[in-house]
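Visitor: File work_16.tsv follows (TSV, C-alpha atoms):
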```
chain	number	residue	atom	x	y	z
A	1	MET	CA	-23.15	8.03	-24.77
A	2	LEU	CA	-25.68	9.24	-27.38
A	3	THR	CA	-23.50	7.94	-30.22
A	4	ASN	CA	-23.26	4.57	-28.49
A	5	ILE	CA	-27.04	4.34	-28.20
A	6	ILE	CA	-27.49	5.26	-31.89
A	7	ARG	CA	-24.94	2.58	-32.86
A	8	LEU	CA	-26.67	0.07	-30.62
A	9	GLU	CA	-30.03	0.92	-32.17
A	10	LEU	CA	-28.66	0.46	-35.69
A	11	LYS	CA	-27.08	-2.87	-34.73
A	12	ARG	CA	-30.39	-4.02	-33.30
A	13	LEU	CA	-32.39	-2.83	-36.30
A	14	PHE	CA	-30.13	-4.47	-38.87
A	15	GLY	CA	-29.79	-7.62	-36.78
A	16	LYS	CA	-33.52	-8.30	-37.05
A	17	LYS	CA	-34.73	-11.04	-39.40
A	18	LYS	CA	-37.93	-9.04	-39.76
A	19	LEU	CA	-35.97	-6.43	-41.71
A	20	LEU	CA	-34.90	-9.01	-44.28
A	21	VAL	CA	-38.54	-10.01	-44.79
A	22	LEU	CA	-39.59	-6.36	-45.12
A	23	GLY	CA	-36.72	-5.67	-47.52
A	24	THR	CA	-37.83	-8.55	-49.72
A	25	LEU	CA	-41.41	-7.30	-49.54
A	26	GLY	CA	-40.34	-3.75	-50.41
A	27	LEU	CA	-38.24	-4.95	-53.30
A	28	GLY	CA	-41.15	-7.09	-54.52
A	29	LEU	CA	-43.41	-4.04	-54.46
A	30	LEU	CA	-40.86	-1.94	-56.37
A	31	ILE	CA	-40.39	-4.64	-58.98
A	32	THR	CA	-44.18	-4.59	-59.44
A	33	GLY	CA	-43.60	-0.99	-60.54
A	34	ILE	CA	-41.10	-2.15	-63.16
A	35	VAL	CA	-43.53	-4.79	-64.44
A	36	SER	CA	-46.22	-2.09	-64.73
A	37	TYR	CA	-43.70	0.09	-66.59
A	38	LEU	CA	-43.22	-2.65	-69.17
A	39	ASP	CA	-46.90	-2.29	-70.09
A	40	CYS	CA	-46.54	1.45	-70.65
A	41	ASP	CA	-46.29	2.81	-74.13
A	42	THR	CA	-43.02	4.80	-73.82
A	43	PRO	CA	-40.61	5.52	-76.64
A	44	GLN	CA	-37.49	5.06	-74.48
A	45	ARG	CA	-36.72	2.23	-72.07
A	46	THR	CA	-33.63	3.17	-70.10
A	47	SER	CA	-32.84	1.88	-66.62
A	48	PHE	CA	-33.28	5.40	-65.22
A	49	GLU	CA	-36.82	5.65	-66.60
A	50	ALA	CA	-37.72	2.22	-65.25
A	51	PHE	CA	-36.24	3.15	-61.87
A	52	SER	CA	-38.05	6.51	-61.75
A	53	PHE	CA	-41.35	4.93	-62.73
A	54	ALA	CA	-41.04	2.11	-60.20
A	55	THR	CA	-40.11	4.41	-57.33
A	56	GLY	CA	-42.59	7.14	-58.26
A	57	TYR	CA	-45.39	4.62	-58.62
A	58	ILE	CA	-44.87	2.46	-55.55
A	59	LEU	CA	-42.48	4.16	-53.10
A	60	PRO	CA	-44.81	6.91	-51.77
A	61	LEU	CA	-47.30	4.21	-50.80
A	62	ALA	CA	-44.90	1.53	-49.64
A	63	LEU	CA	-42.42	3.68	-47.73
A	64	PRO	CA	-44.60	4.69	-44.75
A	65	LEU	CA	-45.77	1.10	-44.41
A	66	LEU	CA	-42.24	-0.33	-44.50
A	67	ALA	CA	-40.95	2.36	-42.15
A	68	GLY	CA	-43.73	1.72	-39.67
A	69	LEU	CA	-43.29	-2.03	-39.75
A	70	SER	CA	-39.50	-2.02	-39.53
A	71	SER	CA	-38.94	0.45	-36.70
A	72	GLY	CA	-42.34	1.51	-35.41
A	73	ASP	CA	-41.93	-0.60	-32.29
A	74	ILE	CA	-38.49	0.64	-31.22
A	75	LEU	CA	-39.75	2.18	-27.99
A	76	ALA	CA	-42.56	-0.27	-27.32
A	77	GLU	CA	-40.25	-3.27	-27.70
A	78	ASP	CA	-37.85	-2.04	-25.01
A	79	ARG	CA	-40.70	-1.33	-22.65
A	80	HIS	CA	-42.30	-4.69	-23.34
A	81	LEU	CA	-39.04	-6.59	-22.79
A	82	GLY	CA	-38.15	-4.52	-19.72
A	83	LEU	CA	-34.88	-3.23	-21.22
A	84	VAL	CA	-35.35	0.41	-20.17
A	85	PRO	CA	-34.01	-0.08	-16.59
A	86	LEU	CA	-30.87	-1.72	-18.02
A	87	PHE	CA	-30.19	1.44	-20.04
A	88	MET	CA	-30.94	3.81	-17.15
A	89	SER	CA	-28.76	1.88	-14.70
A	90	ARG	CA	-25.85	2.36	-17.13
A	91	GLY	CA	-26.07	6.11	-16.75
A	92	VAL	CA	-28.23	6.85	-19.80
A	93	SER	CA	-30.52	9.83	-19.18
A	94	PRO	CA	-34.12	9.79	-20.47
A	95	TYR	CA	-33.15	12.55	-22.95
A	96	GLN	CA	-30.22	10.50	-24.31
A	97	TYR	CA	-32.36	7.40	-24.47
A	98	ILE	CA	-35.23	8.99	-26.43
A	99	SER	CA	-32.89	11.00	-28.71
A	100	GLY	CA	-30.72	7.94	-29.39
A	101	LYS	CA	-33.77	5.88	-30.23
A	102	ALA	CA	-35.24	8.55	-32.52
A	103	ILE	CA	-31.98	9.30	-34.36
A	104	GLY	CA	-31.13	5.59	-34.60
A	105	GLY	CA	-34.59	4.87	-36.02
A	106	ILE	CA	-34.36	7.66	-38.61
A	107	VAL	CA	-30.80	6.79	-39.68
A	108	GLY	CA	-31.80	3.13	-39.84
A	109	GLN	CA	-34.75	4.00	-42.08
A	110	ILE	CA	-32.53	6.05	-44.39
A	111	PHE	CA	-30.04	3.17	-44.74
A	112	PHE	CA	-32.83	0.64	-45.18
A	113	THR	CA	-34.66	2.63	-47.87
A	114	GLY	CA	-31.39	3.71	-49.52
A	115	GLY	CA	-30.25	0.09	-49.64
A	116	LEU	CA	-33.52	-0.98	-51.23
A	117	LEU	CA	-33.24	1.75	-53.88
A	118	VAL	CA	-29.63	0.83	-54.70
A	119	ILE	CA	-30.63	-2.82	-55.17
A	120	LEU	CA	-33.55	-1.74	-57.36
A	121	LEU	CA	-31.27	0.47	-59.45
A	122	LEU	CA	-28.87	-2.44	-59.94
A	123	ILE	CA	-31.80	-4.64	-61.02
A	124	THR	CA	-32.91	-2.02	-63.57
A	125	PHE	CA	-29.32	-1.91	-64.89
A	126	LEU	CA	-29.56	-5.63	-65.53
A	127	LEU	CA	-32.94	-5.42	-67.29
A	128	PHE	CA	-32.79	-2.15	-69.27
A	129	PRO	CA	-30.17	-0.34	-71.33
A	130	GLY	CA	-28.22	2.20	-69.30
A	131	GLY	CA	-27.49	5.17	-71.55
A	132	PRO	CA	-24.77	7.72	-70.90
A	133	ILE	CA	-24.29	8.91	-67.33
A	134	LEU	CA	-24.85	12.54	-68.33
A	135	THR	CA	-28.32	11.65	-69.56
A	136	TYR	CA	-29.00	10.27	-66.09
A	137	ALA	CA	-27.75	13.39	-64.42
A	138	ALA	CA	-29.82	15.61	-66.73
A	139	ASP	CA	-32.95	13.50	-66.23
A	140	PHE	CA	-32.40	13.45	-62.48
A	141	ALA	CA	-31.87	17.23	-62.39
A	142	LYS	CA	-35.05	17.75	-64.42
A	143	GLY	CA	-36.98	15.53	-62.05
A	144	LEU	CA	-35.52	17.28	-59.01
A	145	ALA	CA	-36.23	20.74	-60.40
A	146	ALA	CA	-39.84	19.76	-61.03
A	147	THR	CA	-40.52	18.18	-57.68
A	148	ASN	CA	-38.13	20.01	-55.31
A	149	PRO	CA	-37.18	23.43	-56.75
A	150	VAL	CA	-35.55	24.60	-53.49
A	151	ALA	CA	-33.32	21.51	-53.30
A	152	TYR	CA	-32.48	21.99	-56.99
A	153	CYS	CA	-31.35	25.59	-56.36
A	154	MET	CA	-29.26	24.46	-53.38
A	155	VAL	CA	-27.55	21.80	-55.53
A	156	LEU	CA	-26.82	24.41	-58.22
A	157	HIS	CA	-25.32	26.78	-55.63
A	158	SER	CA	-23.12	24.14	-54.09
B	159	MET	CA	-15.44	1.14	5.68
B	160	LYS	CA	-16.46	3.49	2.91
B	161	GLU	CA	-20.13	4.27	2.31
B	162	ILE	CA	-21.15	3.59	-1.28
B	163	LEU	CA	-24.82	4.47	-1.05
B	164	LYS	CA	-26.58	6.99	1.13
B	165	ILE	CA	-30.36	7.46	0.96
B	166	ARG	CA	-31.87	10.32	2.89
B	167	SER	CA	-35.57	11.16	3.49
B	168	LEU	CA	-36.62	9.44	0.27
B	169	LYS	CA	-40.27	9.72	-0.66
B	170	LYS	CA	-42.23	8.50	-3.65
B	171	SER	CA	-45.89	9.10	-4.36
B	172	VAL	CA	-47.92	8.08	-7.36
B	173	ARG	CA	-51.12	10.09	-7.92
B	174	ARG	CA	-50.85	11.38	-4.34
B	175	LYS	CA	-50.71	7.83	-3.00
B	176	PRO	CA	-47.50	7.37	-0.98
B	177	ILE	CA	-45.43	4.38	-2.10
B	178	LEU	CA	-42.30	5.18	-0.08
B	179	ARG	CA	-42.29	7.41	3.01
B	180	ASP	CA	-39.12	8.81	4.50
B	181	ILE	CA	-36.62	6.07	3.63
B	182	ASN	CA	-33.16	6.42	5.17
B	183	LEU	CA	-30.59	3.80	4.31
B	184	THR	CA	-26.84	3.48	4.08
B	185	LEU	CA	-24.76	0.77	2.42
B	186	ILE	CA	-21.05	0.32	2.96
B	187	GLU	CA	-18.68	-1.44	0.57
B	188	GLY	CA	-18.61	-5.19	0.84
B	189	GLU	CA	-21.97	-5.30	2.59
B	190	ILE	CA	-24.95	-7.40	1.50
B	191	LEU	CA	-28.22	-5.82	2.54
B	192	GLY	CA	-31.50	-7.65	2.28
B	193	LEU	CA	-34.77	-5.84	1.72
B	194	ILE	CA	-37.68	-7.91	2.86
B	195	GLY	CA	-41.35	-7.14	3.02
B	196	PRO	CA	-44.71	-8.23	1.68
B	197	ASN	CA	-45.79	-7.69	-1.94
B	198	GLY	CA	-46.45	-4.02	-2.62
B	199	ALA	CA	-44.31	-2.88	0.32
B	200	GLY	CA	-42.14	-0.71	-1.95
B	201	LYS	CA	-39.01	-2.89	-2.33
B	202	THR	CA	-38.94	-2.82	-6.14
B	203	THR	CA	-39.78	0.90	-6.25
B	204	LEU	CA	-36.87	1.61	-3.93
B	205	LEU	CA	-34.50	-0.38	-6.15
B	206	LYS	CA	-35.83	1.41	-9.26
B	207	ILE	CA	-35.20	4.80	-7.67
B	208	ILE	CA	-31.65	3.83	-6.70
B	209	SER	CA	-30.97	2.56	-10.25
B	210	GLY	CA	-32.32	5.78	-11.77
B	211	THR	CA	-35.28	4.20	-13.58
B	212	VAL	CA	-37.88	5.98	-11.47
B	213	MET	CA	-37.71	9.54	-10.11
B	214	ALA	CA	-38.25	10.09	-6.40
B	215	THR	CA	-40.82	12.63	-5.24
B	216	ALA	CA	-38.49	13.96	-2.52
B	217	GLY	CA	-35.23	13.10	-0.79
B	218	SER	CA	-31.79	12.16	-2.05
B	219	VAL	CA	-29.86	9.12	-3.26
B	220	LEU	CA	-26.11	9.60	-3.17
B	221	LEU	CA	-23.81	7.16	-4.93
B	222	THR	CA	-20.20	7.69	-4.04
B	223	GLU	CA	-18.88	5.38	-6.78
B	224	GLN	CA	-20.88	6.78	-9.69
B	225	GLU	CA	-18.13	6.10	-12.23
B	226	SER	CA	-18.24	2.36	-11.71
B	227	GLY	CA	-21.99	2.32	-12.34
B	228	ILE	CA	-24.72	0.09	-10.96
B	229	GLY	CA	-25.43	-3.48	-11.88
B	230	ILE	CA	-29.09	-4.40	-11.75
B	231	LEU	CA	-31.00	-7.64	-11.90
B	232	PRO	CA	-34.68	-6.84	-12.53
B	233	GLU	CA	-37.51	-8.98	-11.22
B	234	SER	CA	-38.07	-10.60	-14.62
B	235	PRO	CA	-35.40	-11.24	-17.28
B	236	ALA	CA	-35.05	-8.41	-19.83
B	237	LEU	CA	-33.39	-9.86	-22.92
B	238	LEU	CA	-33.56	-9.78	-26.71
B	239	LEU	CA	-34.92	-13.22	-27.39
B	240	GLY	CA	-33.62	-13.59	-30.96
B	241	LEU	CA	-29.96	-13.13	-29.96
B	242	SER	CA	-27.57	-15.46	-28.15
B	243	GLY	CA	-26.49	-14.80	-24.57
B	244	PHE	CA	-23.13	-13.45	-25.70
B	245	GLN	CA	-24.74	-11.13	-28.28
B	246	ASN	CA	-27.18	-9.80	-25.66
B	247	LEU	CA	-24.30	-8.90	-23.35
B	248	GLN	CA	-22.32	-7.40	-26.25
B	249	LEU	CA	-25.24	-5.08	-27.06
B	250	LEU	CA	-25.62	-3.98	-23.44
B	251	ALA	CA	-21.87	-3.53	-23.06
B	252	SER	CA	-21.84	-1.23	-26.10
B	253	ILE	CA	-23.79	1.41	-24.09
B	254	ARG	CA	-20.86	2.27	-21.84
B	255	ARG	CA	-18.04	0.46	-23.65
B	256	LYS	CA	-16.60	-0.57	-20.30
B	257	ALA	CA	-16.68	-4.31	-20.82
B	258	GLY	CA	-14.96	-5.94	-23.78
B	259	GLU	CA	-15.24	-9.47	-25.14
B	260	LEU	CA	-12.95	-10.80	-22.44
B	261	GLU	CA	-15.04	-9.35	-19.59
B	262	ILE	CA	-18.25	-10.65	-21.18
B	263	LYS	CA	-16.83	-14.17	-21.51
B	264	GLU	CA	-15.55	-14.01	-17.94
B	265	ALA	CA	-18.99	-12.90	-16.65
B	266	LEU	CA	-20.73	-15.71	-18.55
B	267	GLU	CA	-18.32	-18.31	-17.21
B	268	THR	CA	-18.73	-16.93	-13.67
B	269	VAL	CA	-22.49	-17.56	-13.77
B	270	GLY	CA	-22.04	-21.01	-15.33
B	271	LEU	CA	-22.99	-20.25	-18.95
B	272	ASP	CA	-20.98	-21.21	-22.02
B	273	PRO	CA	-19.88	-18.07	-23.93
B	274	ALA	CA	-19.48	-20.07	-27.15
B	275	LYS	CA	-23.10	-21.23	-27.17
B	276	ARG	CA	-24.99	-19.82	-30.15
B	277	LYS	CA	-28.46	-20.78	-28.89
B	278	ALA	CA	-31.00	-17.93	-29.00
B	279	VAL	CA	-32.03	-16.64	-25.57
B	280	GLY	CA	-35.68	-17.33	-26.48
B	281	ASN	CA	-34.87	-21.04	-26.08
B	282	TYR	CA	-33.24	-20.63	-22.65
B	283	SER	CA	-34.90	-21.94	-19.50
B	284	LEU	CA	-35.93	-19.39	-16.84
B	285	GLY	CA	-32.92	-20.36	-14.73
B	286	MET	CA	-30.51	-19.80	-17.65
B	287	LYS	CA	-32.12	-16.41	-18.37
B	288	GLN	CA	-31.68	-15.48	-14.72
B	289	ARG	CA	-28.00	-16.50	-14.86
B	290	LEU	CA	-27.57	-14.42	-18.02
B	291	MET	CA	-29.18	-11.43	-16.32
B	292	LEU	CA	-26.78	-11.87	-13.45
B	293	ALA	CA	-23.90	-11.91	-15.94
B	294	GLN	CA	-25.04	-8.60	-17.46
B	295	ALA	CA	-25.24	-7.12	-13.95
B	296	ILE	CA	-21.66	-8.06	-13.04
B	297	MET	CA	-19.86	-7.79	-16.41
B	298	GLU	CA	-18.94	-4.11	-15.99
B	299	LYS	CA	-17.65	-4.74	-12.46
B	300	PRO	CA	-19.95	-2.26	-10.69
B	301	LYS	CA	-19.44	-1.23	-7.09
B	302	LEU	CA	-23.16	-1.51	-6.37
B	303	LEU	CA	-25.42	-4.41	-7.30
B	304	LEU	CA	-29.20	-4.26	-7.02
B	305	LEU	CA	-30.85	-7.66	-7.21
B	306	ASP	CA	-34.63	-8.03	-7.29
B	307	GLU	CA	-35.69	-11.57	-6.42
B	308	PRO	CA	-32.38	-13.05	-7.66
B	309	THR	CA	-33.31	-16.66	-6.88
B	310	ASN	CA	-36.34	-16.60	-9.25
B	311	GLY	CA	-36.15	-19.64	-11.51
B	312	LEU	CA	-32.84	-20.90	-10.11
B	313	ASP	CA	-32.47	-24.55	-9.12
B	314	PRO	CA	-30.99	-25.38	-5.67
B	315	LEU	CA	-27.49	-25.67	-7.13
B	316	GLY	CA	-27.95	-22.32	-8.88
B	317	ILE	CA	-28.99	-20.74	-5.58
B	318	ILE	CA	-25.85	-22.08	-3.87
B	319	ASP	CA	-23.71	-20.78	-6.78
B	320	LEU	CA	-25.42	-17.39	-6.50
B	321	ARG	CA	-24.79	-17.25	-2.77
B	322	GLN	CA	-21.09	-18.05	-3.25
B	323	LEU	CA	-20.79	-15.50	-6.06
B	324	LEU	CA	-22.38	-12.77	-3.92
B	325	PHE	CA	-20.03	-13.50	-1.03
B	326	ARG	CA	-17.06	-13.39	-3.41
B	327	LEU	CA	-18.20	-10.05	-4.88
B	328	ALA	CA	-18.79	-8.65	-1.39
B	329	SER	CA	-15.27	-9.67	-0.38
B	330	GLN	CA	-14.02	-7.61	-3.35
B	331	GLY	CA	-15.79	-4.54	-1.96
B	332	VAL	CA	-19.04	-4.64	-3.96
B	333	GLY	CA	-22.11	-3.41	-2.07
B	334	ILE	CA	-25.18	-5.54	-2.76
B	335	ILE	CA	-28.88	-4.95	-2.11
B	336	ILE	CA	-31.18	-7.93	-2.47
B	337	ALA	CA	-34.97	-7.59	-2.48
B	338	SER	CA	-36.76	-10.82	-1.78
B	339	HIS	CA	-39.63	-12.34	0.08
B	340	LEU	CA	-37.74	-15.58	0.75
B	341	LEU	CA	-36.69	-14.95	4.36
B	342	HIS	CA	-34.55	-18.05	4.59
B	343	GLU	CA	-32.50	-17.11	1.53
B	344	ILE	CA	-32.09	-13.56	2.76
B	345	GLU	CA	-30.92	-14.87	6.11
B	346	LEU	CA	-28.28	-17.02	4.42
B	347	MET	CA	-27.10	-14.38	1.95
B	348	CYS	CA	-27.19	-11.07	3.77
B	349	HIS	CA	-25.17	-9.29	6.41
B	350	ARG	CA	-27.98	-6.91	7.29
B	351	VAL	CA	-31.71	-6.91	6.69
B	352	ALA	CA	-34.09	-3.98	6.34
B	353	ILE	CA	-37.71	-4.85	6.83
B	354	ILE	CA	-39.95	-2.69	4.68
B	355	SER	CA	-43.70	-2.40	4.95
B	356	ASN	CA	-46.15	0.22	3.70
B	357	GLY	CA	-43.26	2.18	2.22
B	358	THR	CA	-41.28	2.53	5.46
B	359	ILE	CA	-38.27	0.72	6.82
B	360	PHE	CA	-39.53	-0.10	10.26
B	361	ARG	CA	-36.70	-2.33	11.38
B	362	GLU	CA	-33.07	-3.04	10.50
B	363	VAL	CA	-31.49	-6.24	11.74
B	364	ASP	CA	-27.76	-6.92	11.66
B	365	LEU	CA	-27.41	-10.64	11.08
B	366	ARG	CA	-23.70	-10.52	11.92
B	367	SER	CA	-24.36	-9.48	15.50
B	368	GLY	CA	-25.09	-12.26	17.97
B	369	GLU	CA	-27.43	-10.09	19.99
B	370	GLN	CA	-30.98	-11.25	20.38
B	371	GLN	CA	-33.30	-9.38	18.07
B	372	PHE	CA	-36.87	-8.36	18.68
B	373	ILE	CA	-39.13	-8.25	15.67
B	374	GLU	CA	-42.68	-7.06	15.45
B	375	ILE	CA	-44.47	-9.64	13.38
B	376	SER	CA	-47.95	-9.73	11.90
B	377	VAL	CA	-49.65	-12.63	10.13
B	378	SER	CA	-52.79	-12.70	8.01
B	379	SER	CA	-54.91	-15.18	9.97
B	380	HIS	CA	-55.27	-16.93	13.34
B	381	ILE	CA	-54.32	-20.25	11.69
B	382	ASP	CA	-50.96	-18.71	10.70
B	383	TRP	CA	-50.57	-17.27	14.18
B	384	ASN	CA	-51.06	-20.71	15.75
B	385	LYS	CA	-48.49	-22.17	13.33
B	386	LEU	CA	-46.09	-19.42	14.32
B	387	VAL	CA	-46.62	-20.13	18.03
B	388	GLN	CA	-46.00	-23.83	17.38
B	389	SER	CA	-42.76	-23.17	15.50
B	390	ALA	CA	-41.30	-20.39	17.60
B	391	GLY	CA	-42.47	-21.56	21.00
B	392	LYS	CA	-44.80	-19.75	23.38
B	393	ASP	CA	-41.95	-18.15	25.33
B	394	SER	CA	-40.50	-16.48	22.24
B	395	LEU	CA	-43.71	-14.81	21.16
B	396	ARG	CA	-45.77	-12.15	22.89
B	397	GLN	CA	-49.10	-11.31	21.27
B	398	LEU	CA	-50.01	-7.65	20.97
B	399	PRO	CA	-53.59	-6.36	21.04
B	400	SER	CA	-54.80	-5.91	17.47
B	401	LYS	CA	-58.18	-5.38	15.84
B	402	GLY	CA	-57.10	-6.69	12.42
B	403	SER	CA	-54.45	-9.31	11.62
B	404	PRO	CA	-52.89	-11.07	14.63
B	405	MET	CA	-49.56	-9.52	15.58
B	406	GLY	CA	-46.91	-9.79	18.25
B	407	ILE	CA	-43.27	-9.48	19.25
B	408	LEU	CA	-40.87	-12.29	18.35
B	409	ASN	CA	-37.75	-12.34	20.48
B	410	SER	CA	-35.74	-15.17	18.93
B	411	GLU	CA	-34.93	-16.29	15.40
B	412	LEU	CA	-37.51	-18.36	13.64
B	413	PRO	CA	-36.36	-21.81	12.59
B	414	GLY	CA	-35.49	-21.85	8.86
B	415	ASP	CA	-37.92	-24.64	8.01
B	416	TYR	CA	-40.89	-22.50	9.08
B	417	PHE	CA	-40.69	-20.66	5.76
```
Let me see whether you can do it: turn the structure in this file into structure tokens.
Guide:
Amino acid sequence: MLTNIIRLELKRLFGKKKLLVLGTLGLGLLITGIVSYLDCDTPQRTSFEAFSFATGYILPLALPLLAGLSSGDILAEDRHLGLVPLFMSRGVSPYQYISGKAIGGIVGQIFFTGGLLVILLLITFLLFPGGPILTYAADFAKGLAATNPVAYCMVLHS
Amino acid sequence: MKEILKIRSLKKSVRRKPILRDINLTLIEGEILGLIGPNGAGKTTLLKIISGTVMATAGSVLLTEQESGIGILPESPALLLGLSGFQNLQLLASIRRKAGELEIKEALETVGLDPAKRKAVGNYSLGMKQRLMLAQAIMEKPKLLLLDEPTNGLDPLGIIDLRQLLFRLASQGVGIIIASHLLHEIELMCHRVAIISNGTIFREVDLRSGEQQFIEISVSSHIDWNKLVQSAGKDSLRQLPSKGSPMGILNSELPGDYF
């Protein structure tokens, strides 16, 4: 039952036109980061650097806003529309309902943000030279080690 | 006949204020039970407790056919306005995965809606929304249906269709509880009526029996009382002493056009 509610929540989230608008807005904000990067005086201009700059510059500010706007109303909407009794009458317990909503919301956010980042990465590939994949991996590892040393150690161990 | 719902000593209080007091009710399969009573009597609360939306303070609700689930029709339509009728039912059906595309189409056709229609529910009329809500209640073929003011927004033809549908479902063994304040509709639709007031069922009337029924009746003003005397006839009504609203005992059925 819990899996069904999570699936339902994802279907609802990705069926919303609002999400398309927010995705466009998020992408617009991230591209602003790339435009700002173009003004920077950097010796190298690879797609990875443009991507890192854009996400590092904009994402921490834009992400909570986008997350809040896209799925902040998941519980309030059901209550407002009177959908809760329809769930309960189908044998869904309050625990399953709340858990399903929370997990669905989080998974939805991960897919939404991940999707945005993939699109942004593809855009940077179009606009900037790529460079060898190993350079990416090394740069990414450096970045990860600097910002998340515990995660870096876990990656090394695995 | 098998009992499908058994309610025993049910009580519900909100902030120490009693909403339901000692409700005892039984529903057998194929029976249509009407719950009538004034606004705030506790009809909707009782339906919410049976459907599992609200917890009772004390007492028990026993459903013998738990597997088949409950179909509910809330007082006001609860739908996702941006989706079509079919998509709304698909989403709700995905909770239990009991009804597939075929069952959804069948339910929509049963209530007189076109399953192929792509129109968003936000553009539906109130009557169409009510029909769609009825479709979601019956699509999983439950053994118990709880309908709160089912005739809301329906045109006369829709009401006749609803009545026929309910009789058909009852003949298939579905137990149905209807809460309404439209006495005439209840009289036409139900086999048995429970009159609820101040959170208590103070009278149950079996409409199938030909026996004369005595009902204690209270109206809000003397003008209404005089109207009642005119419609029912002096011999059918015996006034009881009362300090507040006029009240009395009615010993024959009221003519339908009174309401």
Visitor: Given only C-alpha atoms as the basis, pick out the residue of B:Lys401, B:Lys385, B:Lys299, B:Lys206 nearest to chain A.
Guide: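 Between B:Lys401, B:Lys385, B:Lys299, B:Lys206, the residue approaching chain A most closely is B:Lys206.
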Visitor: Quick one: which chain B residues come within 8 Å of chain A, and what is the nearest atom pair for each with the distance in Å to one decimal, counting all atoms listed in the file, rows ordered by chain and ascending number, as a Markdown table?
Guide:
```
| residue | atom | partner | partner_atom | distance |
| --- | --- | --- | --- | --- |
| B:Lys206 | CA | A:Pro85 | CA | 7.7 |
| B:Ser209 | CA | A:Ser89 | CA | 5.0 |
| B:Gly210 | CA | A:Met88 | CA | 5.9 |
| B:Thr211 | CA | A:Pro85 | CA | 5.4 |
| B:Gly227 | CA | A:Arg90 | CA | 6.2 |
| B:Ile228 | CA | A:Ser89 | CA | 5.8 |
| B:Gly229 | CA | A:Ser89 | CA | 6.9 |
| B:Ile230 | CA | A:Ser89 | CA | 6.9 |
| B:Pro232 | CA | A:Pro85 | CA | 7.9 |
| B:Ser234 | CA | A:Gly82 | CA | 7.9 |
| B:Pro235 | CA | A:Gly82 | CA | 7.7 |
| B:Ala236 | CA | A:Gly82 | CA | 5.0 |
| B:Leu237 | CA | A:Leu81 | CA | 6.5 |
| B:Leu238 | CA | A:Leu81 | CA | 7.5 |
| B:Leu249 | CA | A:Leu8 | CA | 6.4 |
| B:Leu250 | CA | A:Phe87 | CA | 7.9 |
| B:Ser252 | CA | A:Asn4 | CA | 6.4 |
| B:Ile253 | CA | A:Asn4 | CA | 5.4 |
| B:Arg254 | CA | A:Met1 | CA | 6.9 |
```
Visitor: Rounded to one decimal in Å, what is the spacing between atom CA of B:Leu239 and atom CA of B:Asn281?
Guide: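 Taking atom CA of B:Leu239 as the start and atom CA of B:Asn281 as the end point, the length is 7.9 Å.
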Visitor: Show me, as lines of an AutoDock Vina configuration file, the centre and edge lengths in Å to one decimal of the axis-aligned box that covers every listed atom of stretch 184-195 of chain B with 6 Å on each side.
Guide:
```
center_x = -30.0
center_y = -2.2
center_z = 2.3
size_x = 34.7
size_y = 23.4
size_z = 15.5
```
Visitor: Env of stretch 305-310 of chain B: 10 Å cut, atoms = only C-alpha atoms, seq-sep filter 6 positions within chain, self excluded. Answer as JSON, numbers by chain.
Guide: {"B": [192, 193, 201, 202, 205, 206, 229, 230, 231, 232, 233, 234, 235, 284, 285, 288, 289, 291, 292, 295, 316, 317, 318, 320, 321, 334, 335, 336, 337, 338, 339, 340, 343]}
Visitor: Could you check how far atom CA of A:Asn148 sits from atom CA of A:Glu49, in Å to one decimal?
Guide: 18.3 Å
Visitor: Go through B:Ser283, B:Ser403, B:Ser367, B:Asn246 and flag the residue nearest B:Asp382, using only C-alpha atoms for the distances.
Guide: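 Checking each of B:Ser283, B:Ser403, B:Ser367, B:Asn246 against B:Asp382, counting only C-alpha atoms, the winner is B:Ser403.
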Visitor: Which residue out of A:Gly23, A:Gly68, A:Ala50, A:Asp73 has the minimum interatomic distance to A:Gly114 when all atoms listed in the file are used?
Guide: A:Gly23
Visitor: Excluding B:Gln330 and its own-chain neighbours fewer than 2 positions away, which residues fall within 12 Å of it when counting only C-alpha atoms? Please give them as an NGL selection string.
Guide: :B and (187-190 or 299-302 or 323-328 or 332-334)
Visitor: If you measure from atom CA of A:Phe14 to atom CA of A:Ile103, what distance in Å do you get, rounded to one decimal?
Guide: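 Answer for the atom CA of A:Phe14 to atom CA of A:Ile103 separation: 14.6 Å.
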Visitor: Can you pull out the residues contacting B:Ile165? Cut-off 10 Å, using all atoms listed in the file, and skip same-chain residues under 3 positions away; I want them as a PDB file with C-alpha atoms, in the coordinates of the input.
Guide:
```
ATOM      1  CA  LEU B 168     -36.620   9.440   0.270  1.00  0.00           C
ATOM      2  CA  ASP B 180     -39.120   8.810   4.500  1.00  0.00           C
ATOM      3  CA  ILE B 181     -36.620   6.070   3.630  1.00  0.00           C
ATOM      4  CA  ASN B 182     -33.160   6.420   5.170  1.00  0.00           C
ATOM      5  CA  LEU B 183     -30.590   3.800   4.310  1.00  0.00           C
ATOM      6  CA  THR B 184     -26.840   3.480   4.080  1.00  0.00           C
ATOM      7  CA  LEU B 185     -24.760   0.770   2.420  1.00  0.00           C
ATOM      8  CA  ILE B 208     -31.650   3.830  -6.700  1.00  0.00           C
ATOM      9  CA  GLY B 217     -35.230  13.100  -0.790  1.00  0.00           C
ATOM     10  CA  SER B 218     -31.790  12.160  -2.050  1.00  0.00           C
ATOM     11  CA  VAL B 219     -29.860   9.120  -3.260  1.00  0.00           C
ATOM     12  CA  LEU B 220     -26.110   9.600  -3.170  1.00  0.00           C
ATOM     13  CA  LEU B 221     -23.810   7.160  -4.930  1.00  0.00           C
TER      14      LEU B 221
END
```
Visitor: Would you save stretch 214-218 of chain B to a file, keeping C-alpha atoms, as a short mmCIF file (atom, residue, chain, number, x, y, z; two decimals), in the first residue's frame?
Guide:
```cif
data_model
loop_
_atom_site.label_atom_id
_atom_site.label_comp_id
_atom_site.auth_asym_id
_atom_site.auth_seq_id
_atom_site.Cartn_x
_atom_site.Cartn_y
_atom_site.Cartn_z
CA ALA B 214 -14.39 7.28 17.61
CA THR B 215 -13.99 8.15 21.27
CA ALA B 216 -15.53 4.84 22.38
CA GLY B 217 -17.44 1.88 20.96
CA SER B 218 -16.87 -0.38 17.98
#
```
